[in-house]
>>> print(open('model.txt').read())   # compact mmCIF, C-alpha atoms
# COMPACT_ATOMS: atom_id res chain seq x y z
CA MET B 1 0.00 0.00 0.00
CA GLN B 2 2.75 2.39 0.94
CA ARG B 3 4.66 1.50 -2.18
CA PHE B 4 1.50 2.16 -4.15
CA ALA B 5 1.17 5.65 -2.64
CA PHE B 6 4.82 6.35 -3.37
CA VAL B 7 4.53 5.33 -7.02
CA LEU B 8 1.28 7.27 -7.35
CA LEU B 9 2.72 10.54 -6.03
CA ILE B 10 5.95 10.33 -8.00
CA GLY B 11 3.95 9.38 -11.08
CA SER B 12 1.64 12.36 -10.65
CA ALA B 13 4.60 14.70 -10.18
CA PHE B 14 6.02 13.61 -13.52
CA ALA B 15 2.59 13.75 -15.15
CA LEU B 16 2.28 17.36 -13.92
CA MET B 17 5.70 18.22 -15.31
CA LEU B 18 4.56 16.99 -18.73
CA LEU B 19 1.13 18.60 -18.53
CA GLY B 20 2.58 21.92 -17.35
CA ARG B 21 4.99 21.86 -20.26
CA PHE B 22 2.22 21.72 -22.82
CA ASP B 23 -0.23 24.34 -21.51
CA ASN B 24 -3.19 22.22 -20.52
CA VAL B 25 -6.34 24.33 -20.06
CA ALA B 26 -7.74 22.34 -17.14
CA VAL B 27 -4.40 22.41 -15.30
CA GLU B 28 -4.14 26.15 -15.91
CA ARG B 29 -7.59 26.73 -14.46
CA VAL B 30 -6.85 24.78 -11.28
CA ARG B 31 -3.54 26.55 -10.95
CA LEU B 32 -5.13 29.99 -11.29
CA GLY B 33 -7.72 29.06 -8.68
CA ILE B 34 -5.04 28.10 -6.18
CA VAL B 35 -2.98 31.20 -6.90
CA ASP B 36 -6.14 33.26 -6.40
CA ALA B 37 -6.82 31.63 -3.05
CA PHE B 38 -3.28 32.19 -1.82
CA THR B 39 -2.81 35.74 -3.07
CA PRO B 40 -4.45 37.36 -0.01
CA ILE B 41 -2.23 35.21 2.22
CA MET B 42 0.87 36.14 0.23
CA ASP B 43 -0.28 39.73 0.55
CA VAL B 44 -0.20 39.42 4.35
CA VAL B 45 3.07 37.48 4.47
CA SER B 46 4.83 39.92 2.16
CA ARG B 47 3.87 42.95 4.24
CA PRO B 48 6.40 42.53 7.04
CA VAL B 49 8.98 41.75 4.37
CA SER B 50 8.25 44.99 2.56
CA ALA B 51 8.26 46.83 5.88
CA VAL B 52 11.84 45.65 6.39
CA ASN B 53 12.64 46.61 2.82
CA ALA B 54 11.22 50.06 3.47
CA VAL B 55 13.35 50.54 6.60
CA VAL B 56 16.49 49.58 4.69
CA ARG B 57 15.53 52.03 1.95
CA ASP B 58 14.79 54.79 4.47
CA ILE B 59 18.18 54.39 6.10
CA ARG B 60 19.85 54.58 2.72
CA GLU B 61 17.88 57.70 1.85
CA VAL B 62 18.65 59.48 5.08
CA VAL B 63 22.34 58.91 4.45
CA ASP B 64 22.31 60.84 1.19
CA LEU B 65 19.52 63.25 1.99
CA ARG B 66 21.49 66.38 1.16
CA THR B 67 22.57 65.36 -2.32
CA GLU B 68 19.11 64.01 -2.96
CA LEU B 69 17.53 67.31 -1.96
CA ALA B 70 19.80 69.28 -4.26
CA ARG B 71 19.05 66.91 -7.09
CA VAL B 72 15.31 67.09 -6.53
CA LYS B 73 15.37 70.92 -6.34
CA GLU B 74 17.18 71.11 -9.61
CA GLU B 75 14.88 68.57 -11.18
CA ASN B 76 11.83 70.42 -9.93
CA GLU B 77 13.00 73.62 -11.57
CA ARG B 78 13.51 71.80 -14.83
CA LEU B 79 10.11 70.12 -14.59
CA LEU B 80 8.34 73.41 -13.91
CA GLN B 81 9.71 74.72 -17.17
CA TRP B 82 8.47 71.59 -18.90
CA GLN B 83 5.10 72.03 -17.29
CA THR B 84 4.73 75.41 -18.90
CA VAL B 85 5.68 73.93 -22.24
CA ALA B 86 3.28 71.03 -21.76
CA ARG B 87 0.40 73.35 -20.86
CA ARG B 88 0.96 75.44 -23.92
CA LEU B 89 1.21 72.35 -26.17
CA GLU B 90 -1.89 70.85 -24.65
CA ALA B 91 -3.90 73.97 -25.33
CA GLU B 92 -2.50 74.12 -28.83
CA ASN B 93 -3.26 70.46 -29.40
CA SER B 94 -6.83 70.66 -28.23
CA GLY B 95 -7.26 73.63 -30.52
CA PHE B 96 -5.99 71.63 -33.46
CA ARG B 97 -8.08 68.65 -32.49
CA SER B 98 -11.25 70.67 -32.43
CA LEU B 99 -10.33 72.09 -35.82
CA LEU B 100 -9.97 68.56 -37.18
CA THR B 101 -12.92 67.23 -35.21
CA ALA B 102 -10.75 64.18 -34.51
CA LYS B 103 -11.73 61.60 -31.89
CA THR B 104 -9.31 61.24 -29.01
CA GLU B 105 -7.08 58.43 -30.14
CA THR B 106 -7.09 56.19 -27.14
CA SER B 107 -8.24 55.88 -23.60
CA SER B 108 -6.09 54.31 -20.95
CA PHE B 109 -6.10 54.33 -17.22
CA LEU B 110 -3.93 52.84 -14.55
CA ILE B 111 -4.71 50.15 -12.01
CA ALA B 112 -2.47 50.28 -8.96
CA ALA B 113 -1.22 46.98 -7.54
CA ARG B 114 1.35 45.61 -5.14
CA VAL B 115 3.85 42.85 -5.85
CA VAL B 116 3.11 40.06 -3.37
CA ALA B 117 5.38 37.30 -4.64
CA ASP B 118 8.59 37.34 -6.59
CA ALA B 119 9.39 34.07 -8.29
CA GLY B 120 12.84 34.25 -9.67
CA GLY B 121 14.85 31.15 -10.21
CA PRO B 122 16.68 30.34 -13.39
CA PHE B 123 13.60 29.28 -15.32
CA VAL B 124 11.05 32.07 -15.05
CA ARG B 125 10.96 35.78 -14.35
CA THR B 126 7.51 36.57 -13.05
CA VAL B 127 5.90 38.41 -10.16
CA LEU B 128 2.47 38.04 -8.63
CA LEU B 129 0.18 41.06 -8.15
CA ASN B 130 -2.68 41.53 -5.70
CA ALA B 131 -4.95 42.81 -8.45
CA GLY B 132 -6.96 40.71 -10.87
CA ARG B 133 -10.00 40.58 -13.08
CA ARG B 134 -12.24 42.27 -10.54
CA ASP B 135 -9.89 45.27 -10.61
CA GLY B 136 -10.03 45.44 -14.40
CA VAL B 137 -6.79 43.62 -15.11
CA SER B 138 -6.77 41.41 -18.17
CA LYS B 139 -4.25 39.33 -20.05
CA GLY B 140 -1.74 41.13 -22.26
CA GLN B 141 -1.91 44.52 -20.56
CA ALA B 142 1.30 46.44 -19.94
CA VAL B 143 2.60 46.87 -16.41
CA VAL B 144 4.66 49.92 -15.50
CA ASN B 145 6.16 51.55 -12.47
CA ALA B 146 7.53 55.04 -11.98
CA ASP B 147 10.68 54.20 -13.96
CA GLY B 148 9.23 52.51 -17.02
CA MET B 149 7.70 49.35 -18.34
CA VAL B 150 8.01 46.26 -16.14
CA GLY B 151 6.31 43.56 -18.19
CA ARG B 152 2.94 42.29 -19.29
CA VAL B 153 0.08 40.50 -17.62
CA ALA B 154 0.43 36.81 -18.45
CA GLU B 155 -2.31 35.26 -16.32
CA VAL B 156 -5.27 36.74 -14.47
CA GLY B 157 -7.33 35.32 -11.70
CA GLU B 158 -10.21 36.99 -9.94
CA ARG B 159 -7.93 38.92 -7.56
CA SER B 160 -4.44 37.98 -8.68
CA GLY B 161 -2.36 38.62 -11.73
CA ARG B 162 0.93 37.20 -12.86
CA ILE B 163 3.29 39.51 -14.72
CA LEU B 164 5.76 38.16 -17.20
CA LEU B 165 8.72 40.48 -16.70
CA LEU B 166 10.48 41.93 -19.75
CA SER B 167 13.46 39.78 -18.82
CA ASP B 168 11.59 36.45 -18.97
CA LEU B 169 12.53 33.98 -21.66
CA ASN B 170 9.01 34.13 -23.11
CA SER B 171 8.63 37.91 -23.10
CA ARG B 172 8.27 39.55 -26.53
CA VAL B 173 7.35 43.22 -26.79
CA PRO B 174 7.13 45.25 -30.01
CA VAL B 175 9.35 48.30 -29.57
CA VAL B 176 10.69 51.24 -31.49
CA ASN B 177 14.02 52.99 -31.32
CA GLU B 178 12.95 56.53 -30.47
CA ARG B 179 16.01 58.11 -32.07
CA SER B 180 16.01 56.31 -35.42
CA GLY B 181 12.36 55.30 -35.59
CA GLN B 182 13.39 51.71 -36.31
CA ARG B 183 11.02 49.01 -35.16
CA GLY B 184 12.07 45.82 -33.46
CA VAL B 185 11.10 43.31 -30.81
CA LEU B 186 12.40 43.22 -27.27
CA ALA B 187 13.00 39.60 -26.33
CA GLY B 188 13.82 38.44 -22.82
CA ASP B 189 16.30 35.63 -22.21
CA ASN B 190 16.15 35.34 -18.40
CA SER B 191 19.09 37.72 -18.04
CA GLU B 192 18.65 41.20 -16.59
CA TRP B 193 19.11 42.92 -19.94
CA PRO B 194 16.75 41.76 -22.71
CA LEU B 195 17.76 41.51 -26.36
CA LEU B 196 16.61 43.72 -29.19
CA VAL B 197 15.82 41.47 -32.14
CA PHE B 198 14.28 41.62 -35.62
CA LEU B 199 15.91 44.95 -36.37
CA PRO B 200 15.86 45.79 -40.06
CA ASN B 201 19.36 47.22 -39.89
CA GLN B 202 21.53 46.72 -36.86
CA ALA B 203 24.00 49.36 -38.02
CA GLN B 204 21.52 52.10 -37.19
CA VAL B 205 21.51 51.29 -33.49
CA GLN B 206 23.76 53.21 -31.13
CA PRO B 207 24.43 52.73 -27.45
CA GLY B 208 22.21 55.08 -25.44
CA ASP B 209 19.30 54.99 -27.88
CA PRO B 210 16.00 55.19 -26.00
CA ILE B 211 13.70 52.22 -26.56
CA VAL B 212 9.94 52.58 -26.11
CA THR B 213 6.91 50.45 -26.93
CA SER B 214 5.76 50.82 -30.52
CA GLY B 215 2.13 50.02 -29.90
CA HIS B 216 2.28 47.56 -32.78
CA GLY B 217 -0.44 44.98 -32.48
CA GLY B 218 -2.67 47.33 -30.53
CA LEU B 219 -2.33 45.59 -27.16
CA LEU B 220 0.12 48.05 -25.65
CA PRO B 221 0.00 51.82 -25.73
CA PRO B 222 2.79 53.30 -27.85
CA GLY B 223 5.56 55.32 -26.26
CA LEU B 224 5.90 53.58 -22.89
CA PRO B 225 9.55 54.02 -21.90
CA ILE B 226 11.40 50.72 -21.61
CA GLY B 227 15.13 51.32 -21.53
CA ILE B 228 18.23 52.35 -23.38
CA VAL B 229 20.50 50.41 -25.69
CA ALA B 230 23.34 49.26 -23.47
CA SER B 231 25.62 47.20 -25.67
CA ILE B 232 25.90 46.11 -29.27
CA GLY B 233 27.95 43.01 -29.87
CA GLU B 234 28.06 39.63 -31.49
CA GLY B 235 25.56 38.38 -28.93
CA GLY B 236 23.08 40.94 -30.23
CA VAL B 237 21.81 44.30 -29.06
CA ARG B 238 21.14 44.44 -25.32
CA VAL B 239 18.76 46.91 -23.71
CA GLN B 240 19.18 48.07 -20.15
CA PRO B 241 15.67 48.48 -18.73
CA LEU B 242 14.83 51.68 -16.84
CA VAL B 243 13.19 49.50 -14.22
CA ASN B 244 15.30 48.31 -11.33
CA TRP B 245 14.42 44.62 -11.03
CA HIS B 246 15.27 44.61 -7.32
CA ARG B 247 12.85 47.38 -6.49
CA LEU B 248 9.54 46.18 -7.74
CA GLU B 249 6.98 46.90 -5.12
CA PHE B 250 4.15 49.06 -6.38
CA VAL B 251 3.28 48.86 -10.03
CA ARG B 252 0.47 50.00 -12.27
CA VAL B 253 -1.36 47.98 -14.87
CA VAL B 254 -2.17 50.02 -17.96
CA ARG B 255 -5.70 49.46 -19.17
CA TYR B 256 -5.54 50.54 -22.72
CA ASP B 257 -8.35 50.41 -25.19
CA LEU B 258 -8.17 51.38 -28.81
CA PRO B 259 -11.30 53.35 -29.74
CA ARG B 260 -12.38 50.79 -32.34
CA LEU B 261 -12.21 48.02 -29.77
CA GLU B 262 -14.18 49.89 -27.17
CA SER B 263 -17.48 49.73 -29.01
CA GLY B 264 -17.87 46.03 -29.71
CA ALA B 265 -14.95 43.69 -29.64
CA ASN B 266 -13.89 44.37 -26.09
CA GLY B 267 -16.49 42.51 -24.12
CA GLU B 268 -14.91 42.82 -20.70
CA ARG B 269 -16.30 45.71 -18.74
CA MET X 1 2.25 11.88 25.75
CA VAL X 2 -1.40 12.04 24.70
CA ASN X 3 -3.52 11.27 27.69
CA ALA X 4 -7.07 11.06 26.54
CA ASP X 5 -8.96 10.81 29.80
CA ALA X 6 -12.01 12.84 30.53
CA SER X 7 -10.04 15.42 32.51
CA ASP X 8 -8.42 16.58 29.25
CA SER X 9 -9.97 19.95 28.61
CA ILE X 10 -10.74 21.17 25.14
CA GLY X 11 -7.97 23.70 25.58
CA ASP X 12 -5.44 20.94 26.13
CA ARG X 13 -6.61 19.10 23.06
CA LEU X 14 -6.43 22.23 20.97
CA ALA X 15 -2.92 22.83 22.23
CA GLN X 16 -2.04 19.30 21.22
CA VAL X 17 -3.47 19.78 17.75
CA ALA X 18 -1.58 23.03 17.43
CA ARG X 19 1.65 21.33 18.47
CA ASN X 20 1.16 18.50 16.03
CA GLY X 21 0.31 20.91 13.27
CA ALA X 22 3.24 23.21 13.97
CA PRO X 23 5.78 21.50 11.65
CA GLY X 24 3.37 21.52 8.72
CA LEU X 25 2.33 25.13 9.31
CA LEU X 26 5.95 26.18 9.69
CA ALA X 27 6.82 24.47 6.41
CA LEU X 28 3.88 26.25 4.74
CA LEU X 29 5.13 29.55 6.07
CA PHE X 30 8.57 28.71 4.67
CA VAL X 31 7.05 28.15 1.24
CA LEU X 32 5.38 31.57 1.37
CA LEU X 33 8.46 33.32 2.75
CA THR X 34 10.59 31.80 0.00
CA LEU X 35 8.40 33.52 -2.57
CA ALA X 36 7.98 36.88 -0.81
CA PRO X 37 9.49 39.85 -2.66
CA TYR X 38 12.80 40.78 -1.07
CA ASN X 39 14.17 43.94 -2.57
CA PHE X 40 17.84 43.31 -2.72
CA PRO X 41 19.91 42.54 -5.80
CA GLY X 42 19.63 38.93 -6.88
CA SER X 43 17.18 38.05 -4.11
CA ALA X 44 14.75 36.30 -6.42
CA GLN X 45 17.50 34.18 -7.92
CA LEU X 46 19.38 33.37 -4.71
CA MET X 47 16.55 32.90 -2.24
CA PRO X 48 16.98 29.38 -0.82
CA PRO X 49 13.95 27.09 -0.84
CA LEU X 50 13.34 27.22 2.91
CA ALA X 51 10.80 24.41 2.88
CA LEU X 52 13.49 22.03 1.61
CA MET X 53 15.23 22.53 4.96
CA ALA X 54 11.98 21.88 6.80
CA VAL X 55 11.45 18.66 4.86
CA PHE X 56 14.97 17.47 5.65
CA HIS X 57 14.80 18.44 9.30
CA TRP X 58 11.38 16.95 10.07
CA GLY X 59 12.22 13.90 7.97
CA VAL X 60 15.02 13.17 10.39
CA TYR X 61 13.37 14.11 13.68
CA ARG X 62 9.61 13.86 13.38
CA PRO X 63 8.49 12.31 10.08
CA ASP X 64 5.21 11.49 11.81
CA LEU X 65 4.39 15.22 11.98
CA LEU X 66 5.28 15.99 8.37
CA PRO X 67 4.05 13.05 6.31
CA ALA X 68 5.36 12.60 2.76
CA PRO X 69 2.05 13.43 1.03
CA LEU X 70 2.01 16.75 2.88
CA ALA X 71 5.55 17.44 1.64
CA PHE X 72 4.28 16.71 -1.85
CA VAL X 73 1.42 19.18 -1.45
CA LEU X 74 3.73 21.88 -0.07
CA GLY X 75 6.07 21.39 -3.02
CA LEU X 76 3.18 21.60 -5.43
CA LEU X 77 2.06 24.82 -3.80
CA GLN X 78 5.54 26.26 -4.24
CA ASP X 79 5.47 25.24 -7.92
CA ILE X 80 2.06 26.80 -8.45
CA LEU X 81 2.72 30.07 -6.66
CA SER X 82 6.14 30.56 -8.25
CA GLY X 83 4.76 30.01 -11.74
CA GLY X 84 7.63 27.66 -12.49
CA PRO X 85 7.62 24.05 -13.67
CA LEU X 86 4.73 22.12 -12.10
CA GLY X 87 5.61 19.06 -10.05
CA MET X 88 9.27 20.03 -9.69
CA TRP X 89 9.41 20.94 -6.01
CA ALA X 90 6.58 18.53 -5.29
CA ALA X 91 8.76 15.62 -6.42
CA MET X 92 11.83 17.00 -4.64
CA PHE X 93 10.21 17.64 -1.24
CA PHE X 94 8.51 14.27 -1.39
CA LEU X 95 11.63 12.32 -2.31
CA VAL X 96 13.82 14.09 0.24
CA LEU X 97 11.31 13.37 2.98
CA VAL X 98 11.00 9.71 2.01
CA VAL X 99 14.76 9.26 1.81
CA MET X 100 15.28 11.02 5.16
CA THR X 101 12.63 8.90 6.82
CA TYR X 102 14.59 5.81 5.85
CA GLN X 103 17.98 7.25 6.72
CA ARG X 104 16.99 9.04 9.92
CA ARG X 105 18.60 6.49 12.23
CA PHE X 106 21.96 7.52 10.89
CA PHE X 107 21.46 11.13 12.00
CA LEU X 108 19.64 10.69 15.31
CA GLY X 109 21.80 11.36 18.31
CA LYS X 110 24.71 12.63 16.24
CA LYS X 111 26.28 16.04 16.45
CA PHE X 112 24.71 18.88 14.50
CA VAL X 113 27.65 18.93 12.08
CA VAL X 114 26.62 15.49 10.82
CA GLU X 115 23.10 16.72 10.13
CA TRP X 116 24.44 19.76 8.33
CA LEU X 117 26.80 17.63 6.26
CA GLY X 118 23.90 15.40 5.36
CA PHE X 119 21.92 18.41 4.15
CA ALA X 120 24.95 19.74 2.27
CA LEU X 121 25.13 16.38 0.44
CA VAL X 122 21.43 16.26 -0.37
CA THR X 123 21.27 19.86 -1.65
CA PRO X 124 23.47 19.46 -4.76
CA VAL X 125 21.57 16.33 -5.75
CA VAL X 126 18.27 18.20 -5.44
CA PHE X 127 19.55 21.19 -7.40
CA PHE X 128 20.94 18.97 -10.13
CA ALA X 129 17.48 17.41 -10.51
CA ILE X 130 15.92 20.91 -10.47
CA TRP X 131 18.28 21.94 -13.22
CA LEU X 132 17.30 18.94 -15.36
CA ILE X 133 13.56 19.40 -14.82
CA GLY X 134 13.71 23.17 -15.34
CA SER X 135 15.76 22.78 -18.50
CA PHE X 136 13.17 20.36 -19.84
CA TYR X 137 10.47 22.90 -18.96
CA VAL X 138 12.26 25.79 -20.66
CA GLY X 139 13.26 23.63 -23.59
CA ALA X 140 16.98 24.32 -23.41
CA PHE X 141 19.80 23.74 -20.97
CA VAL X 142 19.76 26.69 -18.62
CA ASP X 143 22.97 28.26 -17.40
CA PRO X 144 23.56 26.39 -14.13
CA GLY X 145 25.59 29.25 -12.58
CA ALA X 146 22.74 30.81 -10.62
CA LEU X 147 21.59 27.40 -9.40
CA VAL X 148 25.06 26.55 -8.09
CA VAL X 149 25.12 29.79 -6.10
CA GLN X 150 21.58 29.17 -4.87
CA ALA X 151 22.56 25.66 -3.74
CA VAL X 152 25.50 27.05 -1.79
CA VAL X 153 23.28 29.69 -0.16
CA THR X 154 20.75 26.97 0.68
CA ALA X 155 23.34 24.78 2.40
CA ALA X 156 24.76 27.80 4.22
CA PHE X 157 21.33 28.80 5.52
CA TYR X 158 20.58 25.41 7.03
CA PRO X 159 22.02 25.91 10.54
CA VAL X 160 19.82 28.96 11.20
CA MET X 161 16.66 27.26 10.03
CA SER X 162 17.56 24.02 11.78
CA TRP X 163 18.06 25.92 15.03
CA LEU X 164 14.67 27.55 14.60
CA MET X 165 12.98 24.25 13.90
CA SER X 166 14.74 22.58 16.82
CA ALA X 167 13.24 25.23 19.08
CA VAL X 168 9.81 24.43 17.67
CA ARG X 169 10.53 20.72 18.08
CA ARG X 170 11.21 21.18 21.75
CA LEU X 171 7.84 22.90 22.05
CA VAL X 172 6.19 20.05 20.20
CA GLY X 173 7.87 17.53 22.45
CA GLY X 174 9.52 14.29 21.43
CA ILE X 175 13.11 13.87 20.37
>>> encode(input="model.txt", output="C-alpha cells")
Amino acid sequence: MQRFAFVLLIGSAFALMLLGRFDNVAVERVRLGIVDAFTPIMDVVSRPVSAVNAVVRDIREVVDLRTELARVKEENERLLQWQTVARRLEAENSGFRSLLTAKTETSSFLIAARVVADAGGPFVRTVLLNAGRRDGVSKGQAVVNADGMVGRVAEVGERSGRILLLSDLNSRVPVVNERSGQRGVLAGDNSEWPLLVFLPNQAQVQPGDPIVTSGHGGLLPPGLPIGIVASIGEGGVRVQPLVNWHRLEFVRVVRYDLPRLESGANGER
Amino acid sequence: MVNADASDSIGDRLAQVARNGAPGLLALLFVLLTLAPYNFPGSAQLMPPLALMAVFHWGVYRPDLLPAPLAFVLGLLQDILSGGPLGMWAAMFFLVLVVMTYQRRFFLGKKFVVEWLGFALVTPVVFFAIWLIGSFYVGAFVDPGALVVQAVVTAAFYPVMSWLMSAVRRLVGGI
C-alpha cells in the first residue's frame, strides 16, 4: 500500500511536469484558482517583508539626503519649465483637435497593484500582483512603475495577476528605437538585460538609444519608456531596462483600449 | 504523551493539535516566505527554498508530523505560486522526505555537524534534478551558474533554520 502511494505521487509529479509543459487548459484553471486563493495570504506574508525593505531604503535615503535634496530641487525647476511647455502644447493640441474634429485616439487608465510574490529562479521571471480581473486587469496589458515598463500581464485570476517580466525567456514586446524610428522586438532571455531582435538594420543602433513600446499589435500603448540600448555586440543588441528589477513593489497595470475596440470587440467591462 | 482521559480539557486538546500541526504550518510559512518579494539585488535568484530545509529536518526528527504526502502538497504549492515548472518541487520535497525517513537512524543522536553535512550532500543532488527538470520545462539547458550559487546559499542557511525548527521541536515535544 505504501509503495503504491509512493509510485502514485511520483507518477503524478512527472505527469504534472509533462502537462505543465504543454499548456493544458484544465491544469491552468486549477492553478489559477489556487494562486487566487493564496494571493491574499501572500499579501499578508509579504507585508512585514516589505516593511523591512522600506526601513532599509529609508536608512539609505537618510544617508544621502542632502545630495538628494539638491538633485530634486534642480529637477523640480527643470520640470516646472516643462510644465509650462506642456500646458501650452496641450492647449495648442486641443485647438488643433477641435479644428480637425478628430476623436481622441485612445483611452487608458492605470490600475495600482502591489507585488506580493517574486518568483525568480533560473527558469522564469515573473511576479504576482494583488490585483486581478475584478480590478479590471486582463491578459496582455502592460505593467509599468515610476521608472518605465516592467512587463505584461500573463495570467489573471479573480484577484491575482501574474506579470511576465520583460526579462523572462518568453517575453516579446514590439518596440521602437525613439532616435532612429526603427522598429524591433524586445525579447527576454532570463538575463537582466533583454535583447533587441528583428531589427531591419543593426547598423543604425547606437548605445544610449532610448527604446519605447511601438504600440504595434494594438495591445500596448505606444511610447511607454522601456530602456536604453546598453551594448551592441556579437551576442546581439542588449537593452538596459529603466526599471530596477530589485525594487519592484508598487506597479500600475495600464488598461488601454483602442477606440475601435471599445465599441464592440472588447467585451470585458 | 497524549492522555485522553475525561479530565483533558478542550484547551489541552487544541494545544495538542496546534503542536502536532506546527511543523506543517511552519513548512507552509517557509514556502510563502521563499516567494515573498525581497528587494535586494539577486534576491529572487538566490533565495533558498526554505521548505526544503523543513522537509529534511522533520524527515530526520519527526516524520510522523510531516508526512510525505504533505511534503508533496507543499512542493506543489511552491510550484504553483512561483509560476515555475509544475511538479518540480513537489517531487523533490517528497523524495527528500521519504529518503530522510529511511535514513533518519543515521542522524539521530549525532552532532549537528553530521546533520548539516547530510543536508549539504542532499542539496546538490536536489539542485541537479531541479536543473534537469527546469531545463526540460524551458526547452533548453539553462545556465547552471545561478543554481550553483543558490545551492551554496541553501546549504549555508541550514544551521539557522535548523536551530529555529529545533526550538519548535522542543515545544512540540519528542526527540
>>> closest_atom_pairs(input="model.txt", of="chain B", to="chain X", cutoff="6 Å", atoms="all atoms listed in the file", output="Markdown table")
| residue | atom | partner | partner_atom | distance |
| --- | --- | --- | --- | --- |
| B:Ala13 | CA | X:Gly87 | CA | 4.5 |
| B:Leu16 | CA | X:Gly87 | CA | 5.4 |
| B:Met17 | CA | X:Leu86 | CA | 5.1 |
| B:Gly20 | CA | X:Leu86 | CA | 5.7 |
| B:Arg21 | CA | X:Tyr137 | CA | 5.7 |
| B:Val35 | CA | X:Leu81 | CA | 5.8 |
| B:Ser46 | CA | X:Ala36 | CA | 5.3 |
| B:Ala117 | CA | X:Ala36 | CA | 4.6 |
| B:Asp118 | CA | X:Pro37 | CA | 4.7 |
| B:Ala119 | CA | X:Ser82 | CA | 4.8 |
| B:Gly120 | CA | X:Ala44 | CA | 4.3 |
| B:Gly121 | CA | X:Gln45 | CA | 4.6 |
| B:His246 | CA | X:Asn39 | CA | 4.9 |
| B:Arg247 | CA | X:Asn39 | CA | 5.4 |
>>> residues_around(input="model.txt", residues="Ala155 in chain X", least_positions_apart="2", cutoff="12 Å", atoms="all atoms listed in the file", output="PyMOL selection string")
chain X and resi 46-50+52-53+56+115-127+148-153+157-162
>>> closest_residue(input="model.txt", among="X:Ala167, X:Leu70, X:Ala27, X:Ala22", to="Ala51 in chain X", atoms="all atoms listed in the file")
X:Ala27
>>> closest_residue(input="model.txt", among="X:Phe30, X:Phe141, X:Phe107, X:Tyr61", to="Arg170 in chain X", atoms="only C-alpha atoms")
X:Tyr61
>>> atom_distance(input="model.txt", atom1="CA of Leu224 in chain B", atom2="CA of Ala112 in chain B")
16.6 Å
>>> residues_around(input="model.txt", residues="Asn145 in chain B", least_positions_apart="6", cutoff="7 Å", atoms="only C-alpha atoms", output="CSV table (one decimal) with C-alpha atoms, keeping the file's coordinate frame")
chain,number,residue,atom,x,y,z
B,250,PHE,CA,4.2,49.1,-6.4
B,251,VAL,CA,3.3,48.9,-10.0
B,252,ARG,CA,0.5,50.0,-12.3
>>> axis_aligned_box(input="model.txt", around="range 153-159 of chain B", padding_each_side="6 Å", output="lines of an AutoDock Vina configuration file")
center_x = -4.9
center_y = 37.9
center_z = -13.0
size_x = 22.6
size_y = 17.2
size_z = 22.9
>>> closest_residue(input="model.txt", among="B:Val127, B:Val175, B:Ala230, B:Ala187", to="Ile211 in chain B", atoms="only C-alpha atoms")
B:Val175
>>> residues_near_point(input="model.txt", point="(-0.4, 37.1, -1.1)", cutoff="10 Å", atoms="all atoms listed in the file", output="PyMOL selection string")
(chain B and resi 35-47+114-117+128-130+160) or (chain X and resi 32+35-36+81)
>>> residues_around(input="model.txt", residues="Pro200 in chain B", least_positions_apart="2", cutoff="9 Å", atoms="only C-alpha atoms", output="VMD selection string")
chain B and resid 182 to 184 198 202 204
>>> atom_distance(input="model.txt", atom1="CA of Val153 in chain B", atom2="CA of Ser138 in chain B")
6.9 Å
>>> atom_distance(input="model.txt", atom1="CA of Glu68 in chain B", atom2="CA of Val243 in chain B")
19.3 Å
>>> build_atoms(input="model.txt", residues="range 157-168 of chain X", atoms="N, CA and C atoms", output="PDB file, in the frame of the given file")
ATOM      1  N   PHE X 157      22.443  28.325   4.712  1.00  0.00           N
ATOM      2  CA  PHE X 157      21.330  28.800   5.520  1.00  0.00           C
ATOM      3  C   PHE X 157      20.849  27.753   6.517  1.00  0.00           C
ATOM      4  N   TYR X 158      21.193  26.495   6.278  1.00  0.00           N
ATOM      5  CA  TYR X 158      20.580  25.410   7.030  1.00  0.00           C
ATOM      6  C   TYR X 158      20.712  25.530   8.549  1.00  0.00           C
ATOM      7  N   PRO X 159      21.901  25.854   9.070  1.00  0.00           N
ATOM      8  CA  PRO X 159      22.020  25.910  10.540  1.00  0.00           C
ATOM      9  C   PRO X 159      21.008  26.831  11.207  1.00  0.00           C
ATOM     10  N   VAL X 160      20.769  28.016  10.605  1.00  0.00           N
ATOM     11  CA  VAL X 160      19.820  28.960  11.200  1.00  0.00           C
ATOM     12  C   VAL X 160      18.424  28.350  11.257  1.00  0.00           C
ATOM     13  N   MET X 161      18.009  27.807  10.107  1.00  0.00           N
ATOM     14  CA  MET X 161      16.660  27.260  10.030  1.00  0.00           C
ATOM     15  C   MET X 161      16.523  26.028  10.912  1.00  0.00           C
ATOM     16  N   SER X 162      17.578  25.227  10.957  1.00  0.00           N
ATOM     17  CA  SER X 162      17.560  24.020  11.780  1.00  0.00           C
ATOM     18  C   SER X 162      17.431  24.393  13.257  1.00  0.00           C
ATOM     19  N   TRP X 163      18.137  25.445  13.636  1.00  0.00           N
ATOM     20  CA  TRP X 163      18.060  25.920  15.030  1.00  0.00           C
ATOM     21  C   TRP X 163      16.632  26.353  15.351  1.00  0.00           C
ATOM     22  N   LEU X 164      16.045  27.087  14.421  1.00  0.00           N
ATOM     23  CA  LEU X 164      14.670  27.550  14.600  1.00  0.00           C
ATOM     24  C   LEU X 164      13.712  26.370  14.752  1.00  0.00           C
ATOM     25  N   MET X 165      13.892  25.387  13.870  1.00  0.00           N
ATOM     26  CA  MET X 165      12.980  24.250  13.900  1.00  0.00           C
ATOM     27  C   MET X 165      13.222  23.374  15.134  1.00  0.00           C
ATOM     28  N   SER X 166      14.465  23.321  15.598  1.00  0.00           N
ATOM     29  CA  SER X 166      14.740  22.580  16.820  1.00  0.00           C
ATOM     30  C   SER X 166      14.009  23.200  18.001  1.00  0.00           C
ATOM     31  N   ALA X 167      13.963  24.535  18.013  1.00  0.00           N
ATOM     32  CA  ALA X 167      13.240  25.230  19.080  1.00  0.00           C
ATOM     33  C   ALA X 167      11.766  24.850  19.028  1.00  0.00           C
ATOM     34  N   VAL X 168      11.209  24.822  17.823  1.00  0.00           N
ATOM     35  CA  VAL X 168       9.810  24.430  17.670  1.00  0.00           C
ATOM     36  C   VAL X 168       9.633  22.970  18.101  1.00  0.00           C
TER      37      VAL X 168
END
